[in-house]
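Trainee: The structure under discussion is supplied below as structure tokens; questions concerning it will follow.
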Amino acid sequence: MTNLNKSEKVAVPTKGSQKSSKKLNIGWFYPHFLNLYGDRGNVEILKERALRCDIEVEVFEISLETTLDASLMNKLNLVFMGGGPDLSQQKIYKDFLDKKGSFLVDFLEANGVGLFICGSYQLLGNYYKSADGSILEGLGFLDFYTEAREGPRSIGNAVATLHEDILSDIYFQKNNTIGDEIVGFENHGGRTYLSGDLTPLATTTKAFGNNSRDTTEGVLYKNTLGTYFHGPVLARNPHLADFLIAKALGIEELAKLDDSVIVSAHARSKELAR
Ligand code: GLN
């Protein structure tokens, strides 16, 4: 399922065998290039929520100059990549494919937890045809493609219902105090088409989602989540943030935080015009 040659194997917990651990090590890829519409806030939210649950956190920034190897990947239990304009995607994609991709694929295939927003989500697929017509080869980790077509960009407030595979996951159920939907904000020119055997992360309720047509939003593969939702998405959707933390650490139920303000912001977001 990948264009890449496999390199050294990365040992990450496999499903059902995750050991309970009290330290969250986040690998944050290309923080200076892929940080659109406050996507860095996702890392802040993961960090803050984990700390409030008495979970120690360390963030490893992985960028162009970082020599990624199996020993660094082995430390991580969650990876994050934000969105970016076409120019930023063009700047990092070769390094991503040649120097980072095989480690990431090993990690994700072995059920490592990953969240990829918009521009980075697009790079997990087969290719991204950007607005100027140039083709950026993708990681080929998942069988989909993205093309920036003629016509208006997909911009607006967004709501979608999470896929049953997440809704039925015990790590989600035990940490979900909000409901089945996610809210966010999208701004993308790319339209993504998933191959038939891929599962979307969600179904659009009020959103353009992957391609404005088939009601799919994002992708879900093992513990890899791709989404077009900015927001930052985890700030507006604490149930999703806690799902990722819980899954990454193999802790079924996290301590319940006082989310009253976020819960009302989440609810009001659904009423915003697209
Ligand atoms: N450049 C990509 C697009 O326009 C991704 C944008 C983004 O990350 N918001 O589709």
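Chain lettering (A, B, ...) mirrors the order of the structure tokens, residue numbering begins at 1 for each chain separately, and ligand numbering begins at 1 in order of display.
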Which residues are close to Ser269 (chain A), i.e. within 12 Å by only C-alpha atoms, leaving aside same-chain residues fewer than 3 positions away? Reply as a PyMOL selection string.
Mentor: chain A and resi 156-160+181-185+206+231+233+235-237+262-266+272-274
Trainee: Just the selected residues (C-alpha atoms), exported as a compact mmCIF listing (two decimals), in the first residue's frame, please.
Mentor:
```txt
# COMPACT_ATOMS: atom_id res chain seq x y z
CA GLY A 156 -16.72 27.44 5.27
CA ASN A 157 -17.85 26.21 8.64
CA ALA A 158 -18.35 22.49 8.66
CA VAL A 159 -20.18 19.71 10.48
CA ALA A 160 -19.90 15.96 9.91
CA GLU A 181 -20.46 14.89 15.24
CA ILE A 182 -17.34 16.91 14.66
CA VAL A 183 -17.30 20.60 13.80
CA GLY A 184 -14.64 22.65 12.09
CA PHE A 185 -13.68 25.03 9.33
CA LYS A 206 -22.97 20.57 6.54
CA GLY A 231 -10.61 24.83 13.68
CA VAL A 233 -10.23 20.55 14.97
CA ALA A 235 -9.97 22.53 20.12
CA ARG A 236 -13.54 22.33 18.91
CA ASN A 237 -13.88 18.57 19.34
CA ILE A 262 -15.93 23.89 24.88
CA VAL A 263 -19.15 21.91 24.83
CA SER A 264 -21.20 25.05 24.31
CA ALA A 265 -18.75 26.31 21.65
CA HIS A 266 -19.05 22.92 19.91
CA LEU A 272 -22.95 28.74 12.12
CA ALA A 273 -23.78 29.36 8.48
CA ARG A 274 -21.61 27.43 6.06
```
Trainee: Got a sec: who's within 10 Å of Phe116 (chain A), counting only C-alpha atoms, leaving out chain neighbours fewer than 6 positions off, as a ChimeraX atom specification?
Mentor: /A:29,79-83,122-124,218-219,224-229
Trainee: Please produce a file of the residues just selected, as a PDB file, in the first residue's frame, where the atoms kept are N, CA, C and O atoms.
Mentor:
```
ATOM      1  N   PHE A  29       5.163  16.811  12.764  1.00  0.00           N
ATOM      2  CA  PHE A  29       5.894  16.913  11.501  1.00  0.00           C
ATOM      3  C   PHE A  29       5.749  18.300  10.866  1.00  0.00           C
ATOM      4  O   PHE A  29       4.657  18.824  10.758  1.00  0.00           O
ATOM      5  N   VAL A  79       1.398  10.826  16.196  1.00  0.00           N
ATOM      6  CA  VAL A  79       2.012  11.758  15.244  1.00  0.00           C
ATOM      7  C   VAL A  79       0.959  12.737  14.733  1.00  0.00           C
ATOM      8  O   VAL A  79      -0.210  12.385  14.584  1.00  0.00           O
ATOM      9  N   PHE A  80       1.430  13.962  14.470  1.00  0.00           N
ATOM     10  CA  PHE A  80       0.524  15.003  13.985  1.00  0.00           C
ATOM     11  C   PHE A  80       1.174  15.777  12.845  1.00  0.00           C
ATOM     12  O   PHE A  80       2.356  16.096  12.891  1.00  0.00           O
ATOM     13  N   MET A  81       0.369  16.067  11.829  1.00  0.00           N
ATOM     14  CA  MET A  81       0.798  16.935  10.727  1.00  0.00           C
ATOM     15  C   MET A  81      -0.348  17.861  10.378  1.00  0.00           C
ATOM     16  O   MET A  81      -1.484  17.402  10.201  1.00  0.00           O
ATOM     17  N   GLY A  82      -0.064  19.149  10.271  1.00  0.00           N
ATOM     18  CA  GLY A  82      -1.107  20.128   9.982  1.00  0.00           C
ATOM     19  C   GLY A  82      -1.305  20.350   8.494  1.00  0.00           C
ATOM     20  O   GLY A  82      -0.690  19.691   7.653  1.00  0.00           O
ATOM     21  N   GLY A  83      -2.166  21.321   8.184  1.00  0.00           N
ATOM     22  CA  GLY A  83      -2.426  21.663   6.791  1.00  0.00           C
ATOM     23  C   GLY A  83      -1.465  22.727   6.302  1.00  0.00           C
ATOM     24  O   GLY A  83      -0.705  23.307   7.074  1.00  0.00           O
ATOM     25  N   GLN A 122      -3.765  15.180   2.352  1.00  0.00           N
ATOM     26  CA  GLN A 122      -3.660  14.976   0.907  1.00  0.00           C
ATOM     27  C   GLN A 122      -2.380  14.222   0.532  1.00  0.00           C
ATOM     28  O   GLN A 122      -2.379  13.404  -0.389  1.00  0.00           O
ATOM     29  N   LEU A 123      -1.299  14.473   1.283  1.00  0.00           N
ATOM     30  CA  LEU A 123      -0.010  13.853   0.934  1.00  0.00           C
ATOM     31  C   LEU A 123       0.078  12.370   1.315  1.00  0.00           C
ATOM     32  O   LEU A 123       1.035  11.694   0.958  1.00  0.00           O
ATOM     33  N   LEU A 124      -0.910  11.864   2.042  1.00  0.00           N
ATOM     34  CA  LEU A 124      -0.916  10.427   2.368  1.00  0.00           C
ATOM     35  C   LEU A 124      -1.387   9.591   1.180  1.00  0.00           C
ATOM     36  O   LEU A 124      -1.204   8.384   1.136  1.00  0.00           O
ATOM     37  N   GLY A 218     -12.760  13.185   4.925  1.00  0.00           N
ATOM     38  CA  GLY A 218     -11.554  12.620   5.507  1.00  0.00           C
ATOM     39  C   GLY A 218     -11.419  11.129   5.257  1.00  0.00           C
ATOM     40  O   GLY A 218     -12.138  10.534   4.443  1.00  0.00           O
ATOM     41  N   VAL A 219     -10.486  10.541   5.984  1.00  0.00           N
ATOM     42  CA  VAL A 219     -10.229   9.108   5.844  1.00  0.00           C
ATOM     43  C   VAL A 219      -9.910   8.511   7.200  1.00  0.00           C
ATOM     44  O   VAL A 219      -9.382   9.207   8.085  1.00  0.00           O
ATOM     45  N   THR A 224      -5.141   5.852  11.817  1.00  0.00           N
ATOM     46  CA  THR A 224      -4.783   7.043  11.047  1.00  0.00           C
ATOM     47  C   THR A 224      -6.042   7.815  10.710  1.00  0.00           C
ATOM     48  O   THR A 224      -6.960   7.265  10.100  1.00  0.00           O
ATOM     49  N   LEU A 225      -6.072   9.088  11.101  1.00  0.00           N
ATOM     50  CA  LEU A 225      -7.215   9.940  10.800  1.00  0.00           C
ATOM     51  C   LEU A 225      -6.758  11.082   9.909  1.00  0.00           C
ATOM     52  O   LEU A 225      -5.828  11.818  10.260  1.00  0.00           O
ATOM     53  N   GLY A 226      -7.399  11.209   8.752  1.00  0.00           N
ATOM     54  CA  GLY A 226      -7.152  12.357   7.888  1.00  0.00           C
ATOM     55  C   GLY A 226      -8.427  13.161   7.816  1.00  0.00           C
ATOM     56  O   GLY A 226      -9.521  12.583   7.759  1.00  0.00           O
ATOM     57  N   THR A 227      -8.321  14.487   7.826  1.00  0.00           N
ATOM     58  CA  THR A 227      -9.533  15.318   7.778  1.00  0.00           C
ATOM     59  C   THR A 227      -9.255  16.650   7.112  1.00  0.00           C
ATOM     60  O   THR A 227      -8.121  17.149   7.139  1.00  0.00           O
ATOM     61  N   TYR A 228     -10.294  17.230   6.520  1.00  0.00           N
ATOM     62  CA  TYR A 228     -10.181  18.586   5.987  1.00  0.00           C
ATOM     63  C   TYR A 228     -10.494  19.630   7.047  1.00  0.00           C
ATOM     64  O   TYR A 228     -10.386  20.828   6.794  1.00  0.00           O
ATOM     65  N   PHE A 229     -10.880  19.198   8.221  1.00  0.00           N
ATOM     66  CA  PHE A 229     -11.329  20.157   9.234  1.00  0.00           C
ATOM     67  C   PHE A 229     -10.164  20.831   9.963  1.00  0.00           C
ATOM     68  O   PHE A 229      -9.354  20.194  10.629  1.00  0.00           O
TER      69      PHE A 229
END
```
Trainee: Name the closest residue to ligand 1 among the candidates A:Met73, A:Leu136, A:Leu97, A:Val59; distances are taken between atoms, counting only C-alpha atoms and all ligand atoms.
Mentor: A:Leu136
Trainee: Around ligand 1, which protein and nucleic acid residues have at least one atom no more than 10 Å from it, if we count only C-alpha atoms and all ligand atoms? List them as JSON, numbers by chain.
Mentor: {"A": [34, 35, 36, 37, 39, 82, 83, 84, 85, 86, 87, 88, 89, 90, 116, 117, 118, 119, 120, 121, 122, 123, 128, 129, 130, 131, 146, 147, 148, 149, 153, 154, 155, 185, 186, 187, 188, 189, 190, 191, 192, 210, 227, 228, 229, 230]}
Trainee: Just the number, please: distance in Å from CA of Asn77 (chain A) to CA of Gly27 (chain A), one decimal.
Mentor: 7.9 Å
Trainee: Can you pull out every residue within 6 Å of Phe144 (chain A), counting only C-alpha atoms, but drop anything in the same chain fewer than 3 positions away, and send it as a PyMOL selection string?
Mentor: chain A and resi 125-126+193-195
Trainee: Can you list, as a VMD selection string, every residue of region 18-240 of chain A that DSSP puts in strand (DSSP E or B)?
Mentor: chain A and resid 23 to 29 56 to 62 78 to 81 113 to 117 127 to 129 135 to 137 144 to 148 154 to 162 181 to 188 190 to 194 199 202 to 206 216 to 217 219 to 221 224 to 227 230
Trainee: Contacts of Lys22 (chain A) at 9 Å or less, counting only C-alpha atoms, minus same-chain residues fewer than 6 places along, as a list in words?
Mentor: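 In the requested form, the answer reads Asp54, Ile55, Glu56, Val57, Leu249 and Ile251 of chain A.
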Trainee: Please provide as a list in words all residues within 12 Å of Gly179 (chain A), with the sequence filter that same-chain residues fewer than 6 positions apart are discarded (counting only C-alpha atoms).
Mentor: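 The residues satisfying every condition are Ala160, Thr161, Leu162, Ile166, Leu167, Phe172, Gln173, Asn237, Pro238, His239, Leu240, Val263, His266 and Ala267 of chain A.
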Trainee: Restricting it to all heavy atoms, dump the selection as a short mmCIF file (atom, residue, chain, number, x, y, z; two decimals), in the first residue's frame.
Mentor:
```
data_model
loop_
_atom_site.label_atom_id
_atom_site.label_comp_id
_atom_site.auth_asym_id
_atom_site.auth_seq_id
_atom_site.Cartn_x
_atom_site.Cartn_y
_atom_site.Cartn_z
N ALA A 160 -19.83 17.30 10.48
CA ALA A 160 -19.90 15.96 9.91
C ALA A 160 -20.10 14.93 11.02
O ALA A 160 -19.73 15.18 12.18
CB ALA A 160 -18.63 15.65 9.13
N THR A 161 -20.69 13.81 10.65
CA THR A 161 -20.94 12.73 11.63
C THR A 161 -19.86 11.67 11.50
O THR A 161 -19.60 11.16 10.40
CB THR A 161 -22.32 12.08 11.36
OG1 THR A 161 -23.31 13.11 11.39
CG2 THR A 161 -22.65 11.03 12.40
N LEU A 162 -19.24 11.35 12.61
CA LEU A 162 -18.13 10.40 12.60
C LEU A 162 -18.58 9.02 12.13
O LEU A 162 -19.73 8.61 12.34
CB LEU A 162 -17.52 10.28 14.01
CG LEU A 162 -16.70 11.50 14.45
CD1 LEU A 162 -16.49 11.50 15.96
CD2 LEU A 162 -15.36 11.57 13.71
N ILE A 166 -15.47 4.58 14.41
CA ILE A 166 -15.00 5.36 15.55
C ILE A 166 -16.06 5.37 16.64
O ILE A 166 -15.77 5.17 17.82
CB ILE A 166 -14.66 6.82 15.15
CG1 ILE A 166 -13.39 6.81 14.32
CG2 ILE A 166 -14.52 7.71 16.38
CD1 ILE A 166 -12.58 8.07 14.35
N LEU A 167 -17.30 5.58 16.23
CA LEU A 167 -18.39 5.68 17.23
C LEU A 167 -18.49 4.41 18.07
O LEU A 167 -18.87 4.46 19.24
CB LEU A 167 -19.72 5.96 16.53
CG LEU A 167 -19.81 7.29 15.78
CD1 LEU A 167 -21.17 7.43 15.10
CD2 LEU A 167 -19.58 8.46 16.72
N PHE A 172 -13.35 5.60 22.09
CA PHE A 172 -14.15 6.80 21.81
C PHE A 172 -15.34 6.86 22.76
O PHE A 172 -15.61 7.89 23.38
CB PHE A 172 -14.63 6.79 20.35
CG PHE A 172 -15.40 8.04 19.98
CD1 PHE A 172 -14.74 9.23 19.70
CD2 PHE A 172 -16.78 8.02 19.95
CE1 PHE A 172 -15.45 10.38 19.40
CE2 PHE A 172 -17.50 9.17 19.63
CZ PHE A 172 -16.82 10.35 19.36
N GLN A 173 -16.03 5.73 22.87
CA GLN A 173 -17.26 5.72 23.69
C GLN A 173 -17.00 6.16 25.12
O GLN A 173 -17.76 6.91 25.70
CB GLN A 173 -17.87 4.33 23.66
CG GLN A 173 -18.46 4.00 22.30
CD GLN A 173 -19.18 2.66 22.26
OE1 GLN A 173 -19.03 1.85 23.17
NE2 GLN A 173 -19.93 2.43 21.21
N ASN A 237 -13.35 19.93 19.20
CA ASN A 237 -13.88 18.57 19.34
C ASN A 237 -13.08 17.78 20.39
O ASN A 237 -12.28 16.90 20.04
CB ASN A 237 -13.81 17.85 17.99
CG ASN A 237 -14.62 18.58 16.93
OD1 ASN A 237 -15.85 18.54 16.94
ND2 ASN A 237 -13.93 19.28 16.04
N PRO A 238 -13.31 18.09 21.66
CA PRO A 238 -12.50 17.43 22.69
C PRO A 238 -12.70 15.91 22.74
O PRO A 238 -11.80 15.20 23.18
CB PRO A 238 -12.99 18.09 23.99
CG PRO A 238 -14.29 18.73 23.65
CD PRO A 238 -14.25 19.08 22.22
N HIS A 239 -13.85 15.43 22.27
CA HIS A 239 -14.06 13.98 22.26
C HIS A 239 -13.07 13.30 21.31
O HIS A 239 -12.59 12.21 21.57
CB HIS A 239 -15.51 13.60 21.94
CG HIS A 239 -16.13 14.22 20.72
ND1 HIS A 239 -15.59 15.27 20.02
CD2 HIS A 239 -17.29 13.90 20.07
CE1 HIS A 239 -16.38 15.59 19.00
NE2 HIS A 239 -17.41 14.77 19.02
N LEU A 240 -12.77 14.01 20.21
CA LEU A 240 -11.80 13.46 19.26
C LEU A 240 -10.38 13.52 19.85
O LEU A 240 -9.59 12.59 19.70
CB LEU A 240 -11.88 14.23 17.95
CG LEU A 240 -11.28 13.55 16.72
CD1 LEU A 240 -11.99 12.24 16.41
CD2 LEU A 240 -11.33 14.47 15.51
N VAL A 263 -17.92 22.60 25.26
CA VAL A 263 -19.15 21.91 24.83
C VAL A 263 -20.14 22.92 24.25
O VAL A 263 -20.75 22.68 23.21
CB VAL A 263 -19.78 21.13 26.01
CG1 VAL A 263 -21.16 20.60 25.63
CG2 VAL A 263 -18.87 19.97 26.41
N HIS A 266 -18.82 24.01 20.88
CA HIS A 266 -19.05 22.92 19.91
C HIS A 266 -20.51 22.97 19.42
O HIS A 266 -20.77 22.92 18.21
CB HIS A 266 -18.75 21.58 20.60
CG HIS A 266 -19.05 20.37 19.78
ND1 HIS A 266 -18.11 19.74 18.99
CD2 HIS A 266 -20.19 19.66 19.63
CE1 HIS A 266 -18.66 18.71 18.39
NE2 HIS A 266 -19.93 18.63 18.77
N ALA A 267 -21.43 23.12 20.36
CA ALA A 267 -22.85 23.14 19.99
C ALA A 267 -23.18 24.36 19.13
O ALA A 267 -23.86 24.25 18.11
CB ALA A 267 -23.71 23.11 21.25
#
```
Trainee: CA of Leu244 (chain A) and CA of Glu164 (chain A), how far apart in Å?
Mentor: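 Atom-to-atom, CA of Glu164 (chain A) to CA of Leu244 (chain A), that is 16.0 Å.
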Trainee: Enumerate, as a PyMOL selection string, the complete set of residues in region 220-252 of chain A that a backbone-based DSSP assignment places in alpha helix (DSSP H).
Mentor: chain A and resi 233-236+238-249
Trainee: Store the residues picked out above in a file with C-alpha atoms, as a JSON list (two decimals), in the first residue's frame.
Mentor:
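Resulting contents of out-v9.json:
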```
[["chain", "number", "residue", "atom", "x", "y", "z"],
["A", 233, "VAL", "CA", -10.23, 20.55, 14.97],
["A", 234, "LEU", "CA", -9.19, 19.22, 18.39],
["A", 235, "ALA", "CA", -9.97, 22.53, 20.12],
["A", 236, "ARG", "CA", -13.54, 22.33, 18.91],
["A", 238, "PRO", "CA", -12.50, 17.43, 22.69],
["A", 239, "HIS", "CA", -14.06, 13.98, 22.26],
["A", 240, "LEU", "CA", -11.80, 13.46, 19.26],
["A", 241, "ALA", "CA", -8.77, 14.77, 21.15],
["A", 242, "ASP", "CA", -9.38, 12.42, 24.06],
["A", 243, "PHE", "CA", -9.97, 9.50, 21.71],
["A", 244, "LEU", "CA", -6.52, 10.06, 20.19],
["A", 245, "ILE", "CA", -4.79, 10.42, 23.56],
["A", 246, "ALA", "CA", -6.55, 7.38, 25.00],
["A", 247, "LYS", "CA", -5.82, 5.25, 21.97],
["A", 248, "ALA", "CA", -2.19, 6.34, 21.78],
["A", 249, "LEU", "CA", -1.58, 5.40, 25.41]]
```
Trainee: Restricting the calculation to only C-alpha atoms: of A:Asp169, A:Leu257, A:Phe33, A:Thr205, which residue gets closest to Glu271 (chain A)?
Mentor: A:Thr205
Trainee: CA of Ile92 (chain A) and CA of Tyr30 (chain A), how far apart in Å?
Mentor: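 Going from CA of Tyr30 (chain A) over to CA of Ile92 (chain A), I get 7.8 Å.
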Trainee: Leaving out Tyr127 (chain A) and any residue of its chain fewer than 3 positions from it, which residues lie within 6 Å of it when counting only C-alpha atoms, given as a list of chain:residue names?
Mentor: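 Listing them by chain and then by number gives A:Leu136, A:Glu137, A:Gly138, A:Tyr145.
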Trainee: So, counting only C-alpha atoms, which residue among A:Arg213, A:Gly151, A:Leu142, A:Leu24 is closest to Leu198 (chain A)?
Mentor: A:Leu142
